[in-house]
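What follows is a short report on a single structure.
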Amino acid sequence: MAERTILLNERDIPRQWYNFAVDLPTPLQPPLGPDGKPISPDMLSAVFPMNLIEQEVSQERWIDIPEEILEILYRWRPSPLRRAKYLEQYLKTPARIYYKDESLSPPGSHKPNTAVAQAWYNKQFGIKKLTTETGAGQWGSALAFACKIVGLECKVFMVRISFDQKPLRKTMMRVWDANCVASPSKETRFGREVLKKMPDTPGSLGIAISEAIEEAVADKSGKTRYSLGSVLNHVMLHQTIIGLEAKKQLESISEKLPDVVVGCAGGGSNFAGLAFPFAYDKINGAKIEIIPTEPTACPTMTRGEFAYDFGDTACTTPLLAMYTLGHAFVPPPIHAGGLRYHGMAPLVCQAINDGLMTPKSYEQNRCYESALIWARTEGTICAPETSHAIACVIEEAEKARQEAKEKVIIFNYSGHGLMDLSGYVNYLDGKLIDYPLPEKELKKSLASIKDLPKPKTQNTTKV
Ligand SMILES: Cc1ncc(COP(=O)(O)O)c(C=O)c1O
């Protein structure tokens with residue numbers, strides 16, 4: 001059991017995605033339209049192509065991955081499963097810590113697992129151009145890469161704070177031929193409106209999503225669609241390749257099912273990608289602790305309300321039943337740009353309500369401290385988002401030491417931080433500020449959802 005890198009042959013790559021919606025103990029509550037009634041799939045057709053809408057609402061447990069998509073994924077998949085031996089030694093823990101290394105994809109994160117699939121399905125549907133939002137720039141660069149490989153145009157609205165903090169991400173998008181603008185921008189009606197009211201706003205994913213949707217539906221040729229990098233069911237679906245590979249890799253070294261599964265969660269996709277295949281085992285009796293982690297500055301799952309809310313600030317998306325801080329929430333400018341989102345994937349939220357998952361939140365200083373421990377033991381520099389998973393893994397490994405328990409911990413190493421060094425600079429210079437969300441602000445931002453319809457089942461197991 002001493003392997004450090006557990007590889008999977010190309011021929012053993014999973015050939016189907018896992019649709020967790022089918023096994024969720026409580027079925028998802030339907031997305032609602034502006035009239036408060038469940039929307040029909042065709043109502044989404046101005047925004048997404050029908051082949052992806054079909055996946056969004058699918059009731060099939062397994063969905064075939066087209067061979068042409070696998071051909072693209074082989075550029076970096078199957079991704080290695082690694083054992084964090086040096087971190088274990090540093091922590092003197094009896095736990096065995098494994099991580100799926102998603103940082104090896106061309107853009108450096110898990111995001112192209114769905115970007116490639118979405119670009120491919122759009123191309124099949126005759127679409128010529130995709131618009132999207134990006135927080136940290138990871139998703140924007142992943143979609144830029146995927147569009148280039150598949151042969152689509154790409155326009156990215158990048159949250160202003162990240163646009164300024166991460167100029168090199170913009171360059172990556174340009175290298176892959178995408179057009180990247182800071183959001184709020186002057187290029188959409190909604191962007192101009194926000195700029196008029198809040199000229200100095202750092203922006204938010206909610207605002208950028210509104211801009212990207214506005215631009216997609218404004219194209220009257222019908223050849224532009226919008227692409228979302230997280231939250232939706234079909235995005236979670238595409239990411240399950242991570243957990244399905246991990247299961248095969250653990251099996252190949254005769255390792256048992258993990259005791260603890262961890263992933264950071266912004267909209268939920270890298271966490272879900274690793275966790276859902278193990279949640280299946282939990283539903284079927286396995287004892288696994290499954291932990292999505294988030295910043296205390298944007299505590300959607302740990303302090304948000306389970307409610308129907310819009311996915312964007314301009315209220316253009318359908319209403320989704322999810323944990324939310326309110327669609328008007330503008331998170332503080334923390335460095336984990338990809339975790340600054342007011343909502344969360346409905347599938348993850350319902351799994352929390354069903355007691356399958358237990359979210360935790362961490363301060364950004366503690367996360368950078370964990371990222372440094374990681375870099376100084378394992379060697380690699382993680383994305384600021386990923387550090388929220390590492391903080392939890394260290395906590396769990398220390399708990400295992402105190403309890404003298406030989407636990408198996410697995411987490412998703414969702415991306416590298418080589419384009420995100422400005423956060424490390426601030427931390428090393430002692431200038432990083434923690435922003436635990438004040439109760440008063442939380443109440444204020446939740447006021448934006450008080451008149452929206454309420455979900456039928458409320459949270460029962462909130463921690
Ligand atoms: C490296 C990395 N990890 C995690 C996330 C969070 O997104 P999600 O919850 O969809 O995985 C992001 C988002 O940009 C990211 O770039």
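In the structure tokens, chains take letters A, B, ... by order of appearance, with residues numbered from 1 within each chain and ligands from 1 in the order shown.
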
Practice prompt. Using backbone DSSP assignments, extract all strand (DSSP E) residues from segment 45-287 of chain A; output them as a PyMOL selection string.
Written response: chain A and resi 62-64+81-83+96-101+129-134+153-159+179-183+224-226+260-264

Mind dumping the selected residues with C-alpha atoms as a compact mmCIF listing (two decimals), in the first residue's frame?
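Everything below was put into out.txt:
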```txt
# COMPACT_ATOMS: atom_id res chain seq x y z
CA TRP A 62 -25.53 6.24 -16.60
CA ILE A 63 -24.93 8.45 -19.65
CA ASP A 64 -22.44 7.41 -22.35
CA LEU A 81 -4.54 9.65 -7.94
CA ARG A 82 -1.70 10.51 -5.59
CA ARG A 83 -0.90 9.70 -1.99
CA ARG A 96 -3.78 7.75 4.43
CA ILE A 97 -4.40 10.88 2.36
CA TYR A 98 -5.12 10.56 -1.37
CA TYR A 99 -5.86 13.28 -3.88
CA LYS A 100 -7.09 13.41 -7.44
CA ASP A 101 -4.73 15.68 -9.31
CA LYS A 129 -20.30 30.92 -30.27
CA LEU A 130 -20.42 30.47 -26.48
CA THR A 131 -20.59 33.19 -23.83
CA THR A 132 -19.76 32.68 -20.20
CA GLU A 133 -18.74 34.25 -16.89
CA THR A 134 -15.59 33.53 -14.93
CA GLU A 153 -15.97 31.35 -30.77
CA CYS A 154 -15.80 32.24 -27.06
CA LYS A 155 -16.61 35.41 -25.09
CA VAL A 156 -15.84 35.59 -21.36
CA PHE A 157 -17.14 38.10 -18.79
CA MET A 158 -14.55 38.06 -16.01
CA VAL A 159 -15.43 39.36 -12.53
CA ASN A 179 -12.45 37.55 -26.01
CA CYS A 180 -12.28 38.39 -22.28
CA VAL A 181 -13.81 41.57 -20.79
CA ALA A 182 -14.09 42.79 -17.18
CA SER A 183 -17.56 42.51 -15.61
CA THR A 224 -24.93 31.78 -29.71
CA ARG A 225 -25.53 29.97 -26.44
CA TYR A 226 -24.45 30.46 -22.85
CA VAL A 260 -13.66 10.96 4.41
CA VAL A 261 -14.21 12.70 1.04
CA VAL A 262 -13.40 16.42 0.76
CA GLY A 263 -13.68 19.07 -1.95
CA CYS A 264 -13.93 22.84 -2.00
```

With a cut-off of 9 Å, could you pull out the residues of segment 227-257 of chain A touching segment 341-356 of chain A and give me the nearest pair of atoms for each, distance in Å to one decimal, using only C-alpha atoms, ordered by chain and ascending number, as JSON lines?
```
{"residue": "A:Ser230", "atom": "CA", "partner": "A:Ala345", "partner_atom": "CA", "distance": 7.3}
{"residue": "A:Val231", "atom": "CA", "partner": "A:Ala345", "partner_atom": "CA", "distance": 3.9}
{"residue": "A:Leu232", "atom": "CA", "partner": "A:Ala345", "partner_atom": "CA", "distance": 6.0}
{"residue": "A:Asn233", "atom": "CA", "partner": "A:Leu347", "partner_atom": "CA", "distance": 6.9}
{"residue": "A:Met236", "atom": "CA", "partner": "A:Ala345", "partner_atom": "CA", "distance": 8.2}
```

Proximity check segment 15-131 of chain A to segment 374-397 of chain A, 8 Å, nearest pairs one decimal Å, only C-alpha atoms, as a Markdown table:
```
| residue | atom | partner | partner_atom | distance |
| --- | --- | --- | --- | --- |
| A:Ala84 | CA | A:Glu378 | CA | 6.5 |
| A:Lys85 | CA | A:Glu378 | CA | 7.8 |
| A:Tyr86 | CA | A:Thr377 | CA | 5.4 |
| A:Leu87 | CA | A:Thr377 | CA | 5.5 |
| A:Glu88 | CA | A:Ala397 | CA | 7.8 |
| A:Tyr90 | CA | A:Thr377 | CA | 7.2 |
| A:Leu91 | CA | A:Ala397 | CA | 7.3 |
| A:Thr93 | CA | A:Ala397 | CA | 5.9 |
| A:Pro94 | CA | A:Ala397 | CA | 7.7 |
| A:Ala95 | CA | A:Ala397 | CA | 5.8 |
| A:Ile97 | CA | A:Ala397 | CA | 7.9 |
```

For the residues selected in the previous step, produce a file with N, CA and C atoms as a compact mmCIF listing (two decimals), in the first residue's frame.
```
# COMPACT_ATOMS: atom_id res chain seq x y z
N ALA A 84 -0.58 11.60 -0.53
CA ALA A 84 0.15 12.74 0.05
C ALA A 84 0.99 12.27 1.23
N LYS A 85 1.98 11.44 0.92
CA LYS A 85 2.85 10.79 1.92
C LYS A 85 3.60 11.81 2.79
N TYR A 86 4.09 12.88 2.10
CA TYR A 86 4.93 13.83 2.83
C TYR A 86 4.09 14.66 3.80
N LEU A 87 2.87 14.97 3.39
CA LEU A 87 1.97 15.68 4.30
C LEU A 87 1.61 14.76 5.48
N GLU A 88 1.36 13.50 5.19
CA GLU A 88 1.06 12.54 6.27
C GLU A 88 2.19 12.52 7.29
N TYR A 90 4.48 14.79 7.83
CA TYR A 90 4.56 16.08 8.53
C TYR A 90 3.53 16.14 9.66
N LEU A 91 2.33 15.64 9.37
CA LEU A 91 1.24 15.72 10.36
C LEU A 91 1.29 14.57 11.38
N THR A 93 0.26 11.65 11.08
CA THR A 93 -1.11 11.10 11.15
C THR A 93 -1.12 9.64 10.68
N PRO A 94 -1.95 8.83 11.31
CA PRO A 94 -2.11 7.46 10.80
C PRO A 94 -3.02 7.41 9.57
N ALA A 95 -3.61 8.58 9.21
CA ALA A 95 -4.52 8.61 8.05
C ALA A 95 -3.73 8.43 6.76
N ILE A 97 -3.77 9.76 3.08
CA ILE A 97 -4.40 10.88 2.36
C ILE A 97 -4.14 10.71 0.86
```

Fill in: Nearby polymer residues, ligand 1, at most 6 Å, only C-alpha atoms and all ligand atoms, as JSON, numbers by chain
{"A": [109, 135, 136, 138, 139, 230, 264, 265, 266, 267, 268, 269, 270, 271, 338, 339, 383, 385, 386, 414, 415]}

Could those selected residues go to a file with N, CA and C atoms, as a compact mmCIF listing (two decimals), in the first residue's frame?
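Here's the written file selection-v5.txt:
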```txt
# COMPACT_ATOMS: atom_id res chain seq x y z
N SER A 109 -7.00 23.08 -14.15
CA SER A 109 -8.02 22.73 -13.15
C SER A 109 -8.95 21.65 -13.69
N GLY A 135 -14.93 33.55 -12.61
CA GLY A 135 -14.51 34.20 -11.36
C GLY A 135 -13.00 34.28 -11.35
N ALA A 136 -12.36 33.23 -10.89
CA ALA A 136 -10.90 33.21 -10.79
C ALA A 136 -10.23 33.23 -12.17
N GLN A 138 -10.32 30.49 -14.01
CA GLN A 138 -10.09 29.08 -14.34
C GLN A 138 -11.15 28.59 -15.32
N TRP A 139 -12.40 28.93 -15.05
CA TRP A 139 -13.47 28.46 -15.93
C TRP A 139 -13.36 29.13 -17.30
N SER A 230 -20.49 25.64 -13.55
CA SER A 230 -20.78 24.92 -12.30
C SER A 230 -22.29 24.89 -12.08
N CYS A 264 -13.44 21.47 -2.18
CA CYS A 264 -13.93 22.84 -2.00
C CYS A 264 -15.13 23.03 -2.92
N ALA A 265 -16.02 23.95 -2.56
CA ALA A 265 -17.22 24.13 -3.37
C ALA A 265 -17.53 25.60 -3.59
N GLY A 266 -17.52 26.01 -4.86
CA GLY A 266 -17.91 27.37 -5.25
C GLY A 266 -19.34 27.29 -5.77
N GLY A 267 -19.51 26.55 -6.85
CA GLY A 267 -20.84 26.21 -7.35
C GLY A 267 -21.08 24.73 -7.14
N GLY A 268 -20.03 24.01 -6.74
CA GLY A 268 -20.17 22.61 -6.34
C GLY A 268 -19.58 21.58 -7.28
N SER A 269 -19.00 21.99 -8.43
CA SER A 269 -18.75 20.98 -9.45
C SER A 269 -17.54 20.06 -9.20
N ASN A 270 -16.42 20.61 -8.71
CA ASN A 270 -15.28 19.70 -8.51
C ASN A 270 -15.55 18.79 -7.32
N PHE A 271 -16.21 19.37 -6.30
CA PHE A 271 -16.58 18.57 -5.12
C PHE A 271 -17.52 17.44 -5.55
N GLY A 338 -13.09 31.72 -7.31
CA GLY A 338 -14.03 30.69 -7.74
C GLY A 338 -14.98 30.24 -6.63
N LEU A 339 -14.77 30.73 -5.41
CA LEU A 339 -15.67 30.37 -4.30
C LEU A 339 -16.54 31.56 -3.90
N ALA A 383 -4.27 26.09 -6.06
CA ALA A 383 -5.16 27.23 -6.29
C ALA A 383 -5.74 27.67 -4.94
N GLU A 385 -8.68 28.29 -4.20
CA GLU A 385 -9.92 27.53 -3.95
C GLU A 385 -9.57 26.19 -3.32
N THR A 386 -8.59 25.51 -3.91
CA THR A 386 -8.20 24.17 -3.46
C THR A 386 -7.72 24.20 -2.00
N SER A 414 -8.21 20.51 -6.95
CA SER A 414 -8.98 21.01 -8.10
C SER A 414 -8.18 21.88 -9.07
N GLY A 415 -7.05 22.44 -8.61
CA GLY A 415 -6.27 23.24 -9.57
C GLY A 415 -4.97 23.73 -8.98
```

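Using only C-alpha atoms, the smallest distance between any of A:Glu71, A:Asp12, A:Asp451, A:Asp429 and Tyr308 of chain A comes from A:Asp451.
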
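Distance check against Ser361 of chain A using only C-alpha atoms: of A:Thr296, A:Thr313, A:Thr171, A:Ser448, the minimum falls on A:Thr296.
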
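One finds atom CA of Thr316 of chain A at 18.3 Å from atom CA of Lys186 of chain A.
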
Please identify every residue of segment 279-382 of chain A that has at least one atom no farther than 8 Å from an atom of segment 436-443 of chain A, counting only C-alpha atoms, and for each give the shortest atom pair and the distance in Å to one decimal, arranged by chain then increasing number, as a Markdown table.
```
| residue | atom | partner | partner_atom | distance |
| --- | --- | --- | --- | --- |
| A:Thr296 | CA | A:Pro436 | CA | 5.0 |
| A:Ala297 | CA | A:Pro436 | CA | 4.8 |
| A:Cys298 | CA | A:Leu437 | CA | 6.9 |
| A:Pro299 | CA | A:Leu437 | CA | 7.5 |
| A:Leu325 | CA | A:Leu442 | CA | 6.7 |
| A:Glu363 | CA | A:Pro436 | CA | 7.2 |
```

Selected residues, N, CA and C atoms, written as a short mmCIF file (atom, residue, chain, number, x, y, z; two decimals), in the first residue's frame, please.
```
data_model
loop_
_atom_site.label_atom_id
_atom_site.label_comp_id
_atom_site.auth_asym_id
_atom_site.auth_seq_id
_atom_site.Cartn_x
_atom_site.Cartn_y
_atom_site.Cartn_z
N THR A 296 -15.46 31.45 4.87
CA THR A 296 -16.36 32.11 5.82
C THR A 296 -16.86 33.44 5.24
N ALA A 297 -16.13 33.95 4.24
CA ALA A 297 -16.55 35.21 3.62
C ALA A 297 -17.75 35.03 2.70
N CYS A 298 -17.97 33.79 2.24
CA CYS A 298 -19.07 33.51 1.32
C CYS A 298 -19.69 32.18 1.74
N PRO A 299 -20.33 32.17 2.95
CA PRO A 299 -20.72 30.90 3.58
C PRO A 299 -22.07 30.36 3.12
N LEU A 325 -27.13 32.92 -0.43
CA LEU A 325 -26.93 34.11 0.40
C LEU A 325 -27.77 35.26 -0.14
N GLU A 363 -11.56 30.30 7.22
CA GLU A 363 -11.04 31.65 6.96
C GLU A 363 -9.94 31.58 5.91
#
```

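The list of residues with at least one atom within 7 Å of segment 242-257 of chain A, based on only C-alpha atoms and without residues fewer than 4 positions apart in the same chain, reads Met1, Ile6, Leu7, Leu8, Ile13, Pro14, Pro78, Leu81, Lys100, Gly273, Leu274, Ala275 and Pro277 of chain A.
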
Could the residues in this selection be saved with C-alpha atoms as a short mmCIF file (atom, residue, chain, number, x, y, z; two decimals), in the first residue's frame?
```
data_model
loop_
_atom_site.label_atom_id
_atom_site.label_comp_id
_atom_site.auth_asym_id
_atom_site.auth_seq_id
_atom_site.Cartn_x
_atom_site.Cartn_y
_atom_site.Cartn_z
CA MET A 1 0.00 0.00 0.00
CA ILE A 6 -1.76 5.53 -8.90
CA LEU A 7 -2.28 5.71 -12.63
CA LEU A 8 -5.12 4.36 -14.73
CA ILE A 13 -11.13 5.37 -18.42
CA PRO A 14 -14.83 5.44 -17.39
CA PRO A 78 -7.19 9.68 -16.64
CA LEU A 81 -4.54 9.65 -7.94
CA LYS A 100 -7.09 13.41 -7.44
CA GLY A 273 -17.34 15.26 -9.39
CA LEU A 274 -15.31 13.47 -6.76
CA ALA A 275 -18.03 12.99 -4.15
CA PRO A 277 -19.80 8.36 -6.96
#
```

Worksheet item: Which residues come within 12 Å of Leu70 of chain A, counting only C-alpha atoms, excluding same-chain residues fewer than 5 positions away, as JSON, numbers by chain?
Response: {"A": [10, 11, 12, 13, 14, 15, 16, 17, 64, 65, 75, 76, 77, 78, 112, 113, 114, 116, 117, 120, 238, 241]}

Would you write out those residues with N, CA and C atoms, as a CSV table (one decimal), in the first residue's frame?
```
chain,number,residue,atom,x,y,z
A,10,GLU,N,-5.3,4.5,-20.2
A,10,GLU,CA,-6.4,5.1,-21.1
A,10,GLU,C,-7.5,4.2,-21.3
A,11,ARG,N,-7.2,2.9,-21.6
A,11,ARG,CA,-8.3,2.0,-21.9
A,11,ARG,C,-9.2,1.7,-20.8
A,12,ASP,N,-8.8,2.1,-19.5
A,12,ASP,CA,-9.7,1.8,-18.4
A,12,ASP,C,-10.5,3.1,-18.0
A,13,ILE,N,-10.4,4.1,-18.8
A,13,ILE,CA,-11.1,5.4,-18.4
A,13,ILE,C,-12.6,5.1,-18.4
A,14,PRO,N,-13.4,5.7,-17.4
A,14,PRO,CA,-14.8,5.4,-17.4
A,14,PRO,C,-15.5,5.9,-18.7
A,15,ARG,N,-16.4,5.1,-19.2
A,15,ARG,CA,-17.0,5.5,-20.5
A,15,ARG,C,-18.4,6.0,-20.3
A,16,GLN,N,-18.8,6.1,-19.1
A,16,GLN,CA,-20.2,6.7,-18.8
A,16,GLN,C,-20.0,7.7,-17.6
A,17,TRP,N,-20.8,8.8,-17.7
A,17,TRP,CA,-20.9,9.7,-16.5
A,17,TRP,C,-22.0,9.1,-15.6
A,64,ASP,N,-23.7,7.7,-21.6
A,64,ASP,CA,-22.4,7.4,-22.3
A,64,ASP,C,-21.6,8.7,-22.6
A,65,ILE,N,-20.3,8.6,-22.5
A,65,ILE,CA,-19.5,9.7,-22.9
A,65,ILE,C,-19.1,9.5,-24.3
A,75,ARG,N,-6.0,14.0,-23.5
A,75,ARG,CA,-4.9,14.9,-23.4
A,75,ARG,C,-4.3,15.0,-22.0
A,76,TRP,N,-5.2,14.8,-21.0
A,76,TRP,CA,-4.7,14.8,-19.6
A,76,TRP,C,-5.4,13.7,-18.7
A,77,ARG,N,-6.4,13.0,-19.2
A,77,ARG,CA,-7.1,12.0,-18.4
A,77,ARG,C,-6.6,10.6,-18.9
A,78,PRO,N,-6.8,9.6,-18.0
A,78,PRO,CA,-7.2,9.7,-16.6
A,78,PRO,C,-6.2,10.5,-15.8
A,112,PRO,N,-12.0,22.0,-17.4
A,112,PRO,CA,-12.2,21.5,-18.8
A,112,PRO,C,-13.0,20.2,-18.9
A,113,ASN,N,-13.2,19.4,-17.8
A,113,ASN,CA,-13.9,18.2,-17.9
A,113,ASN,C,-15.3,18.4,-18.5
A,114,THR,N,-15.9,19.6,-18.0
A,114,THR,CA,-17.3,19.9,-18.5
A,114,THR,C,-17.1,20.9,-19.7
A,116,VAL,N,-15.1,20.9,-22.2
A,116,VAL,CA,-15.0,20.1,-23.4
A,116,VAL,C,-16.3,19.5,-23.8
A,117,ALA,N,-17.0,18.9,-22.8
A,117,ALA,CA,-18.3,18.3,-23.1
A,117,ALA,C,-19.3,19.3,-23.6
A,120,TRP,N,-18.5,20.6,-27.1
A,120,TRP,CA,-18.7,19.5,-28.1
A,120,TRP,C,-20.2,19.4,-28.3
A,238,HIS,N,-20.8,15.8,-15.8
A,238,HIS,CA,-19.6,15.7,-16.6
A,238,HIS,C,-18.4,15.6,-15.7
A,241,ILE,N,-16.6,12.0,-13.8
A,241,ILE,CA,-15.5,11.2,-14.3
A,241,ILE,C,-14.3,11.2,-13.3
```

Worksheet item: Running DSSP on the backbone, which parts of segment 44-274 of chain A land in helix (DSSP H, G or I), as number ranges by chain?
Response: A: 44, 50-56, 67-73, 85-91, 102-104, 112-124, 138-150, 160-165, 167-175, 189-197, 205-218, 233-252, 269-274
